[in-house]
Amino acid sequence: MSYFPQVEKIQFEGKETRNPFAFRHYNAEEVVLGKTMKEHLRFAVAYWHTMTQDGSDPFGMAINERSWFGKSEMETAKNRVEAFFEILEKLGVEYFCFHDVDIAPAGNSIEEFMANLDEITDLIKVKMDETGIKLLWNTANMFSHPRFNNGAGSTNDPEVYAYAAAQVKKGLDISKKLDGQNYVFWGGREGYETLLNTDMKFEQDNIARLFKMVIRYAEKIGHKPQFLIEPKPKEPSKHQYDFDAATTMAFIKTYGLEGDFKLNLEANHATLAGHTFEHELRVAREYGALGSIDANQGDMLLGWDTDEFPTNVLDVTLAMYEILENGGIAPGGINFDAKVRRSSFEMEDLLLAHIAGMDTFARGLQAAAKLKEDGFFDELISDRYAKWNGTEIGKSILSDQEDLESLTRYAYTHGDGVKLKSSHIEHVKSRLNDYLV
């Protein structure tokens, strides 16, 4: 059966179209900087927000209208696979992502959970083979169940740690089965509620110990996807160890994981950490660790992770510029870790929301490509730091020919004559607006 019989495959019709089920800016085969939009953007749909989110919030019950519910949890899970791949095909999206608990019910035991995962991933593999759609990444949900109240890798209970290890092992087995290109770790409860009873070093040592087990097992089974850690500063924990890109890189470097782990960065998580998304991307890029992104946006008037679909063209343009400067994002991608608003409760809103996000990223890509072609930021940066390579003292410092004593002598001779140059930042921002498509 079709879950969206009223919707045909979404086509590019241009910005003048009034068809809501059409792309106005995303033209998959349009070439930008030598690659097609489809190659640049590597869109993925998130199983959790798309298939299992019900529209409830702390103040209201479920509202979303969904037609895939069956007579049992497993029947519903099977129906969701069919509906999910219909969404992917109609959007023309070639990748998807999921947590283990998104796709299969946990059942009453670990054995039942693993058997359910096997059955559902068999169905997913059939659909992948039929459609050519690929798994961008999967992960284990080690934060929802009460057993993970005090963390998974950071837990104070070794029996919980063992259960987490079993979930990760199964996740890697599934990744091999479905030829996953990446595997993500989001430490939802890898943090603390209070320092009064917390041994931070012990907990982080144990997280790293688990990650090293992961590396060894991946090598053992002959399937080693790109491993990704996803930073988030808080929520649900008061403080999470992977606070932001810089903190997570400190963890990666401290435990010698640089060769195996990169970052999966989310826009809304950057907001919660007090950063812009482009800041987080820049930090990861300069460490050589920009692996993949979760595409969404937050609401600056709300203090939690709202996971809205990205529609802010300026923010997406700046994010896409960082991705272009990174040389692309493969084998990572752009995963819509976003959910429809509570007032967008009809089935078709799942398609309309993804169309909006895909069009926004297409616009961001086009604008970022033009900025790159024109050397807009290169010119600004070159001009701002011109004195370093344009003066004798600047060149001398950069070639390590100076020390504190020689620079002190220079300052006594020339220091009082320093004249700074204005950045004209308001004019720069005005010019930047001209690039927004």
# chains A, B, ... in the order shown; residues from 1 in each chain; ligands from 1
$ residues_around --residues "region 257-262 of chain A" --least-positions-apart "4" --cutoff "12 Å" --atoms "only C-alpha atoms" --output "PyMOL selection string"
chain A and resi 182-185+207-216+218-219+224-231+245-246+248-253+281+283-293+329+331-332
$ residues_around --residues "region 90-94 of chain A" --least-positions-apart "5" --cutoff "7 Å" --atoms "only C-alpha atoms" --output "PDB file with N, CA and C atoms, in the first residue's frame"
ATOM      1  N   GLU A   8       3.028  12.568  -5.631  1.00  0.00           N
ATOM      2  CA  GLU A   8       3.934  11.940  -6.589  1.00  0.00           C
ATOM      3  C   GLU A   8       5.377  12.211  -6.163  1.00  0.00           C
ATOM      4  N   LYS A   9       6.338  11.643  -6.869  1.00  0.00           N
ATOM      5  CA  LYS A   9       7.743  11.910  -6.589  1.00  0.00           C
ATOM      6  C   LYS A   9       7.999  13.414  -6.732  1.00  0.00           C
ATOM      7  N   ILE A  10       8.677  13.989  -5.756  1.00  0.00           N
ATOM      8  CA  ILE A  10       8.900  15.428  -5.733  1.00  0.00           C
ATOM      9  C   ILE A  10       9.889  15.816  -6.836  1.00  0.00           C
ATOM     10  N   PHE A  43      21.863  14.312   1.394  1.00  0.00           N
ATOM     11  CA  PHE A  43      20.779  14.404   2.361  1.00  0.00           C
ATOM     12  C   PHE A  43      20.427  13.044   2.958  1.00  0.00           C
ATOM     13  N   ALA A  44      20.050  13.069   4.242  1.00  0.00           N
ATOM     14  CA  ALA A  44      19.551  11.880   4.928  1.00  0.00           C
ATOM     15  C   ALA A  44      18.320  12.248   5.733  1.00  0.00           C
ATOM     16  N   ILE A 133      18.919   2.972  -1.886  1.00  0.00           N
ATOM     17  CA  ILE A 133      19.098   3.916  -0.774  1.00  0.00           C
ATOM     18  C   ILE A 133      20.074   3.322   0.233  1.00  0.00           C
ATOM     19  N   LYS A 134      20.911   4.173   0.830  1.00  0.00           N
ATOM     20  CA  LYS A 134      22.019   3.713   1.667  1.00  0.00           C
ATOM     21  C   LYS A 134      21.891   4.212   3.106  1.00  0.00           C
TER      22      LYS A 134
END
$ closest_residue --among "A:Met320, A:Ala104, A:Pro146, A:His414" --to "Lys372 (chain A)" --atoms "only C-alpha atoms"
A:Met320
$ residues_around --residues "Thr360 (chain A)" --least-positions-apart "5" --cutoff "12 Å" --atoms "only C-alpha atoms" --output "MDAnalysis selection string"
chainID A and resid 15 23:27 41 295:297 309:317 319:320 336 353:355 365:367 436:437
$ select_by_dssp --residues "region 115-244 of chain A" --states "helix (DSSP H, G or I)" --output "compact mmCIF listing (two decimals) with N, CA and C atoms, in the first residue's frame"
# COMPACT_ATOMS: atom_id res chain seq x y z
N ALA A 115 16.43 -10.04 18.52
CA ALA A 115 15.68 -10.77 17.48
C ALA A 115 14.79 -9.81 16.69
N ASN A 116 14.16 -8.87 17.37
CA ASN A 116 13.33 -7.88 16.68
C ASN A 116 14.18 -7.03 15.73
N LEU A 117 15.38 -6.65 16.19
CA LEU A 117 16.27 -5.88 15.33
C LEU A 117 16.66 -6.67 14.09
N ASP A 118 16.92 -7.95 14.27
CA ASP A 118 17.28 -8.79 13.11
C ASP A 118 16.14 -8.83 12.10
N GLU A 119 14.92 -9.02 12.59
CA GLU A 119 13.77 -9.13 11.70
C GLU A 119 13.52 -7.83 10.94
N ILE A 120 13.59 -6.71 11.63
CA ILE A 120 13.31 -5.43 10.97
C ILE A 120 14.46 -5.04 10.04
N THR A 121 15.70 -5.28 10.43
CA THR A 121 16.80 -4.92 9.53
C THR A 121 16.83 -5.83 8.29
N ASP A 122 16.27 -7.04 8.40
CA ASP A 122 16.10 -7.87 7.19
C ASP A 122 15.17 -7.15 6.21
N LEU A 123 14.08 -6.59 6.71
CA LEU A 123 13.14 -5.86 5.86
C LEU A 123 13.80 -4.59 5.29
N ILE A 124 14.56 -3.89 6.14
CA ILE A 124 15.24 -2.68 5.68
C ILE A 124 16.22 -3.01 4.57
N LYS A 125 16.95 -4.11 4.73
CA LYS A 125 17.93 -4.48 3.70
C LYS A 125 17.26 -4.78 2.37
N VAL A 126 16.11 -5.42 2.41
CA VAL A 126 15.36 -5.68 1.18
C VAL A 126 15.00 -4.37 0.49
N LYS A 127 14.51 -3.40 1.28
CA LYS A 127 14.14 -2.10 0.71
C LYS A 127 15.37 -1.36 0.18
N MET A 128 16.49 -1.47 0.88
CA MET A 128 17.72 -0.84 0.40
C MET A 128 18.15 -1.44 -0.94
N ASP A 129 18.08 -2.75 -1.03
CA ASP A 129 18.48 -3.41 -2.27
C ASP A 129 17.53 -3.04 -3.42
N GLU A 130 16.25 -2.88 -3.13
CA GLU A 130 15.26 -2.53 -4.15
C GLU A 130 15.45 -1.10 -4.65
N THR A 131 15.84 -0.20 -3.75
CA THR A 131 15.83 1.24 -4.08
C THR A 131 17.21 1.83 -4.31
N PRO A 146 15.32 3.43 31.53
CA PRO A 146 15.71 3.75 32.91
C PRO A 146 17.07 3.20 33.33
N ARG A 147 17.51 2.09 32.69
CA ARG A 147 18.81 1.53 33.10
C ARG A 147 19.94 2.53 32.86
N PHE A 148 19.73 3.45 31.91
CA PHE A 148 20.78 4.41 31.58
C PHE A 148 20.61 5.74 32.33
N PRO A 158 28.65 -1.51 36.54
CA PRO A 158 29.28 -2.30 35.46
C PRO A 158 28.29 -3.18 34.70
N GLU A 159 27.16 -3.57 35.32
CA GLU A 159 26.18 -4.38 34.59
C GLU A 159 25.49 -3.55 33.50
N VAL A 160 25.25 -2.27 33.79
CA VAL A 160 24.71 -1.37 32.77
C VAL A 160 25.74 -1.18 31.66
N TYR A 161 27.00 -1.05 32.04
CA TYR A 161 28.09 -0.90 31.06
C TYR A 161 28.10 -2.09 30.10
N ALA A 162 27.92 -3.29 30.65
CA ALA A 162 27.90 -4.50 29.81
C ALA A 162 26.72 -4.48 28.85
N TYR A 163 25.56 -4.03 29.34
CA TYR A 163 24.39 -3.95 28.46
C TYR A 163 24.63 -2.95 27.33
N ALA A 164 25.26 -1.81 27.68
CA ALA A 164 25.57 -0.81 26.66
C ALA A 164 26.52 -1.40 25.61
N ALA A 165 27.51 -2.15 26.07
CA ALA A 165 28.45 -2.79 25.14
C ALA A 165 27.73 -3.74 24.20
N ALA A 166 26.75 -4.48 24.72
CA ALA A 166 25.99 -5.41 23.89
C ALA A 166 25.18 -4.66 22.83
N GLN A 167 24.60 -3.51 23.21
CA GLN A 167 23.86 -2.71 22.25
C GLN A 167 24.78 -2.16 21.15
N VAL A 168 25.95 -1.70 21.54
CA VAL A 168 26.89 -1.16 20.55
C VAL A 168 27.38 -2.26 19.63
N LYS A 169 27.68 -3.43 20.19
CA LYS A 169 28.11 -4.56 19.35
C LYS A 169 27.05 -4.87 18.30
N LYS A 170 25.79 -4.92 18.75
CA LYS A 170 24.71 -5.19 17.80
C LYS A 170 24.61 -4.08 16.77
N GLY A 171 24.82 -2.84 17.20
CA GLY A 171 24.79 -1.73 16.27
C GLY A 171 25.84 -1.86 15.19
N LEU A 172 27.03 -2.31 15.57
CA LEU A 172 28.10 -2.49 14.58
C LEU A 172 27.80 -3.67 13.66
N ASP A 173 27.20 -4.73 14.22
CA ASP A 173 26.80 -5.86 13.37
C ASP A 173 25.76 -5.41 12.35
N ILE A 174 24.80 -4.58 12.79
CA ILE A 174 23.80 -4.05 11.86
C ILE A 174 24.45 -3.14 10.83
N SER A 175 25.40 -2.33 11.26
CA SER A 175 26.09 -1.44 10.32
C SER A 175 26.78 -2.26 9.23
N LYS A 176 27.39 -3.36 9.61
CA LYS A 176 28.03 -4.23 8.60
C LYS A 176 26.97 -4.84 7.68
N LYS A 177 25.89 -5.30 8.26
CA LYS A 177 24.80 -5.93 7.49
C LYS A 177 24.23 -4.97 6.46
N LEU A 195 28.30 17.36 40.79
CA LEU A 195 29.68 16.95 41.04
C LEU A 195 29.87 16.38 42.44
N LEU A 196 28.87 16.51 43.29
CA LEU A 196 29.01 16.08 44.68
C LEU A 196 29.34 14.59 44.81
N ASN A 197 28.85 13.79 43.85
CA ASN A 197 29.10 12.35 43.94
C ASN A 197 29.68 11.80 42.63
N MET A 200 34.67 12.47 37.64
CA MET A 200 34.67 12.81 36.22
C MET A 200 35.72 12.02 35.44
N LYS A 201 36.91 11.93 35.98
CA LYS A 201 37.98 11.25 35.25
C LYS A 201 37.66 9.76 35.09
N PHE A 202 37.17 9.13 36.15
CA PHE A 202 36.81 7.71 36.07
C PHE A 202 35.76 7.49 34.99
N GLU A 203 34.74 8.35 34.96
CA GLU A 203 33.66 8.18 33.99
C GLU A 203 34.16 8.37 32.56
N GLN A 204 34.99 9.38 32.33
CA GLN A 204 35.50 9.60 30.98
C GLN A 204 36.51 8.53 30.57
N ASP A 205 37.28 8.02 31.52
CA ASP A 205 38.17 6.89 31.23
C ASP A 205 37.35 5.71 30.71
N ASN A 206 36.21 5.46 31.35
CA ASN A 206 35.38 4.33 30.96
C ASN A 206 34.71 4.54 29.60
N ILE A 207 34.32 5.78 29.30
CA ILE A 207 33.78 6.06 27.96
C ILE A 207 34.84 5.74 26.91
N ALA A 208 36.07 6.22 27.13
CA ALA A 208 37.16 5.96 26.19
C ALA A 208 37.45 4.47 26.10
N ARG A 209 37.35 3.77 27.23
CA ARG A 209 37.58 2.32 27.22
C ARG A 209 36.57 1.63 26.31
N LEU A 210 35.31 2.06 26.38
CA LEU A 210 34.28 1.50 25.51
C LEU A 210 34.58 1.80 24.04
N PHE A 211 35.01 3.03 23.75
CA PHE A 211 35.31 3.40 22.37
C PHE A 211 36.45 2.56 21.81
N LYS A 212 37.42 2.24 22.64
CA LYS A 212 38.54 1.42 22.16
C LYS A 212 38.10 -0.02 21.92
N MET A 213 37.14 -0.50 22.71
CA MET A 213 36.55 -1.80 22.42
C MET A 213 35.84 -1.79 21.07
N VAL A 214 35.17 -0.67 20.78
CA VAL A 214 34.46 -0.50 19.51
C VAL A 214 35.43 -0.60 18.34
N ILE A 215 36.55 0.09 18.45
CA ILE A 215 37.55 0.06 17.37
C ILE A 215 38.05 -1.36 17.14
N ARG A 216 38.35 -2.06 18.23
CA ARG A 216 38.88 -3.43 18.10
C ARG A 216 37.84 -4.35 17.48
N TYR A 217 36.58 -4.22 17.88
CA TYR A 217 35.55 -5.10 17.34
C TYR A 217 35.31 -4.81 15.86
N ALA A 218 35.30 -3.53 15.49
CA ALA A 218 35.10 -3.17 14.08
C ALA A 218 36.21 -3.77 13.22
N GLU A 219 37.43 -3.72 13.72
CA GLU A 219 38.54 -4.31 12.97
C GLU A 219 38.40 -5.83 12.90
N LYS A 220 37.90 -6.43 13.96
CA LYS A 220 37.73 -7.88 14.01
C LYS A 220 36.71 -8.37 12.98
N ILE A 221 35.60 -7.63 12.82
CA ILE A 221 34.55 -8.09 11.90
C ILE A 221 34.78 -7.57 10.47
$ residues_around --residues "Ser423 (chain A)" --least-positions-apart "5" --cutoff "9 Å" --atoms "only C-alpha atoms" --output "PyMOL selection string"
chain A and resi 380+384+428
$ closest_residue --among "A:Trp304, A:Val101, A:Gln401, A:Thr408" --to "His145 (chain A)" --atoms "only C-alpha atoms"
A:Val101
$ residues_around --residues "region 342-352 of chain A" --least-positions-apart "2" --cutoff "8 Å" --atoms "only C-alpha atoms" --output "PyMOL selection string"
chain A and resi 4+20-21+50+55-56+63-66+87+91+340+354-356
$ residues_around --residues "region 387-400 of chain A" --least-positions-apart "3" --cutoff "12 Å" --atoms "only C-alpha atoms" --output "VMD selection string"
chain A and resid 381 to 384 403 to 404 406 to 407 409 to 411 414 to 415 418 to 421
$ write_last_selection --atoms "C-alpha atoms" --output "compact mmCIF listing (two decimals), in the first residue's frame"
# COMPACT_ATOMS: atom_id res chain seq x y z
CA ILE A 381 40.70 37.89 5.94
CA SER A 382 43.66 38.76 3.74
CA ASP A 383 42.97 42.47 4.21
CA ARG A 384 42.53 42.17 7.98
CA ASP A 403 62.05 37.20 20.91
CA LEU A 404 60.62 39.18 23.84
CA SER A 406 63.78 42.33 20.37
CA LEU A 407 60.04 42.95 20.29
CA ARG A 409 62.97 47.25 21.57
CA TYR A 410 60.66 47.48 18.54
CA ALA A 411 57.72 48.54 20.71
CA HIS A 414 57.44 52.16 17.04
CA GLY A 415 54.71 51.20 19.51
CA VAL A 418 50.18 52.10 15.93
CA LYS A 419 47.16 52.94 13.75
CA LEU A 420 44.39 50.36 13.49
CA LYS A 421 42.18 49.95 10.44
$ closest_residue --among "A:Asn108, A:Asn138, A:Ser237, A:Thr306" --to "Asn335 (chain A)" --atoms "only C-alpha atoms"
A:Asn138
$ residues_around --residues "Glu266 (chain A)" --least-positions-apart "2" --cutoff "7 Å" --atoms "only C-alpha atoms" --output "list in words"
Asn264, Asn268, His269, Ala270, Ile293, Asp294 and Ala295 of chain A
$ select_by_dssp --residues "region 116-268 of chain A" --states "strand (DSSP E or B)" --output "MDAnalysis selection string"
chainID A and resid 134:139 182:185 191:192 226:229 239:240 261:266
$ closest_residue --among "A:Gln53, A:Gly364, A:Asn433, A:Gly417" --to "Arg341 (chain A)" --atoms "only C-alpha atoms"
A:Gln53
$ atom_distance --atom1 "CA of Leu88 (chain A)" --atom2 "CA of Glu112 (chain A)"
28.5 Å
$ atom_distance --atom1 "CA of Arg18 (chain A)" --atom2 "CA of Val32 (chain A)"
25.2 Å
$ decode --residues "region 233-286 of chain A" --atoms "C-alpha atoms" --output "tab-separated table (two decimals), in the first residue's frame"
chain	number	residue	atom	x	y	z
A	233	PRO	CA	26.27	20.69	26.23
A	234	LYS	CA	23.25	19.72	28.33
A	235	GLU	CA	19.79	18.19	28.19
A	236	PRO	CA	19.01	15.64	29.41
A	237	SER	CA	22.09	15.75	31.65
A	238	LYS	CA	22.87	18.94	33.54
A	239	HIS	CA	26.36	18.80	32.02
A	240	GLN	CA	27.40	16.42	29.26
A	241	TYR	CA	31.04	15.55	28.73
A	242	ASP	CA	30.87	16.20	24.98
A	243	PHE	CA	29.90	19.83	25.59
A	244	ASP	CA	30.92	21.26	22.20
A	245	ALA	CA	33.33	20.62	19.33
A	246	ALA	CA	36.39	21.92	21.19
A	247	THR	CA	35.64	19.94	24.36
A	248	THR	CA	35.02	16.78	22.36
A	249	MET	CA	38.26	17.22	20.44
A	250	ALA	CA	40.08	17.55	23.78
A	251	PHE	CA	38.55	14.20	24.79
A	252	ILE	CA	39.48	12.59	21.46
A	253	LYS	CA	43.07	13.81	21.69
A	254	THR	CA	43.44	12.95	25.38
A	255	TYR	CA	42.57	9.32	24.70
A	256	GLY	CA	44.39	8.97	21.38
A	257	LEU	CA	41.26	8.49	19.26
A	258	GLU	CA	42.16	10.97	16.48
A	259	GLY	CA	42.65	8.32	13.82
A	260	ASP	CA	39.25	6.75	14.33
A	261	PHE	CA	36.79	9.41	15.52
A	262	LYS	CA	35.45	12.62	13.99
A	263	LEU	CA	32.49	14.83	14.90
A	264	ASN	CA	28.83	14.81	13.97
A	265	LEU	CA	27.69	18.38	14.62
A	266	GLU	CA	24.14	19.64	15.10
A	267	ALA	CA	23.00	23.22	14.63
A	268	ASN	CA	20.62	23.27	17.60
A	269	HIS	CA	23.28	21.77	19.87
A	270	ALA	CA	25.63	24.59	18.86
A	271	THR	CA	22.96	27.07	19.96
A	272	LEU	CA	22.61	25.37	23.34
A	273	ALA	CA	26.39	25.54	23.78
A	274	GLY	CA	26.32	29.29	23.14
A	275	HIS	CA	27.94	29.03	19.71
A	276	THR	CA	26.91	29.58	16.11
A	277	PHE	CA	26.74	26.49	13.93
A	278	GLU	CA	29.50	27.81	11.67
A	279	HIS	CA	31.73	28.20	14.74
A	280	GLU	CA	31.35	24.51	15.59
A	281	LEU	CA	31.97	23.52	11.97
A	282	ARG	CA	35.06	25.73	11.83
A	283	VAL	CA	36.50	24.20	15.00
A	284	ALA	CA	35.98	20.68	13.68
A	285	ARG	CA	37.32	21.58	10.24
A	286	GLU	CA	40.49	23.09	11.62
